[in-house]
Amino acid sequence: QVQLVESGGGSVQTGGSLRLSCAASGYTNSASSACMAWFRQAPGKEREGVARIYTNNSDTFYYDSVRGRFTISQDNAKNTVYLQMNSLKPEDTAVYYCAVATRGACRYLPLSPPIYDYWGQGAQVTVSS
């Protein structure tokens with residue numbers, strides 16, 4: 001069973017930075033990551049994709065509203081994915097979820113939640129004005 005453990009959430013003021021980490025464990029030959037991604041969900045809103053990294057070649061994809069401010073990266077040796085968030089805005093406030101897709105379709109549907117098979121427990125990010 002693949003498990004994802006997130007860390008690094010917190011509270012910052014507008015313009016601040018945070019880095020989220022997600023450590024994955026429990027991979028097997030039949031369940032390995034094709035993509036790792038970050039999603040977020042604000043109160044009263046649907047879950048939305050933030051960023052995805054294709055683990056084979058580190059190809060990245062970003063949601064429009066975070067492109068240029070957020071950076072997703074991976075450390076394959078540690079089975080860990082990171083989300084560096086800079087120039088944070090109040091509208092970035094949400095619970096951030098790490099997710100793993102085991103199917104290659106994630107390369108072409110990068111931020112589609114049904115593509116992802118495993119999810120973390122979530123980390124709260126709060127940005128105050």
# chains A, B, ... in the order shown; residues from 1 in each chain; ligands from 1

call {"tool": "residues_around", "arguments": {"residues": "Ala101 in chain A", "least_positions_apart": "5", "cutoff": "8 Å", "atoms": "only C-alpha atoms", "output": "count of residues only"}}
result
9

call {"tool": "select_by_dssp", "arguments": {"residues": "range 47-117 of chain A", "states": "strand (DSSP E or B)", "output": "MDAnalysis selection string"}}
result
chainID A and resid 48:54 59:62 67 70:75 80:85 94:101

call {"tool": "residues_around", "arguments": {"residues": "Arg40 in chain A", "least_positions_apart": "6", "cutoff": "7 Å", "atoms": "only C-alpha atoms", "output": "list in words"}}
result
Arg47, Glu48, Gly49, Val50, Ala94, Val95, Tyr96 and Tyr97 of chain A

call {"tool": "closest_residue", "arguments": {"among": "A:Leu18, A:Ala105, A:Ile53, A:Leu4", "to": "Gln74 in chain A", "atoms": "only C-alpha atoms"}}
result
A:Ile53

call {"tool": "residues_around", "arguments": {"residues": "Arg69 in chain A", "least_positions_apart": "4", "cutoff": "12 Å", "atoms": "only C-alpha atoms", "output": "count of residues only"}}
result
19

call {"tool": "residues_around", "arguments": {"residues": "Gly8 in chain A", "least_positions_apart": "2", "cutoff": "8 Å", "atoms": "only C-alpha atoms", "output": "PyMOL selection string"}}
result
chain A and resi 6+10+18-21+123

call {"tool": "closest_residue", "arguments": {"among": "A:Ser11, A:Thr60, A:Ser25, A:Ser129", "to": "Tyr108 in chain A", "atoms": "only C-alpha atoms"}}
result
A:Thr60

call {"tool": "atom_distance", "arguments": {"atom1": "CA of Ile72 in chain A", "atom2": "CA of Arg52 in chain A"}}
result
7.0 Å

call {"tool": "residues_around", "arguments": {"residues": "Ala23 in chain A", "least_positions_apart": "6", "cutoff": "12 Å", "atoms": "only C-alpha atoms", "output": "MDAnalysis selection string"}}
result
chainID A and resid 2:8 36 74:83 97:100 119:121
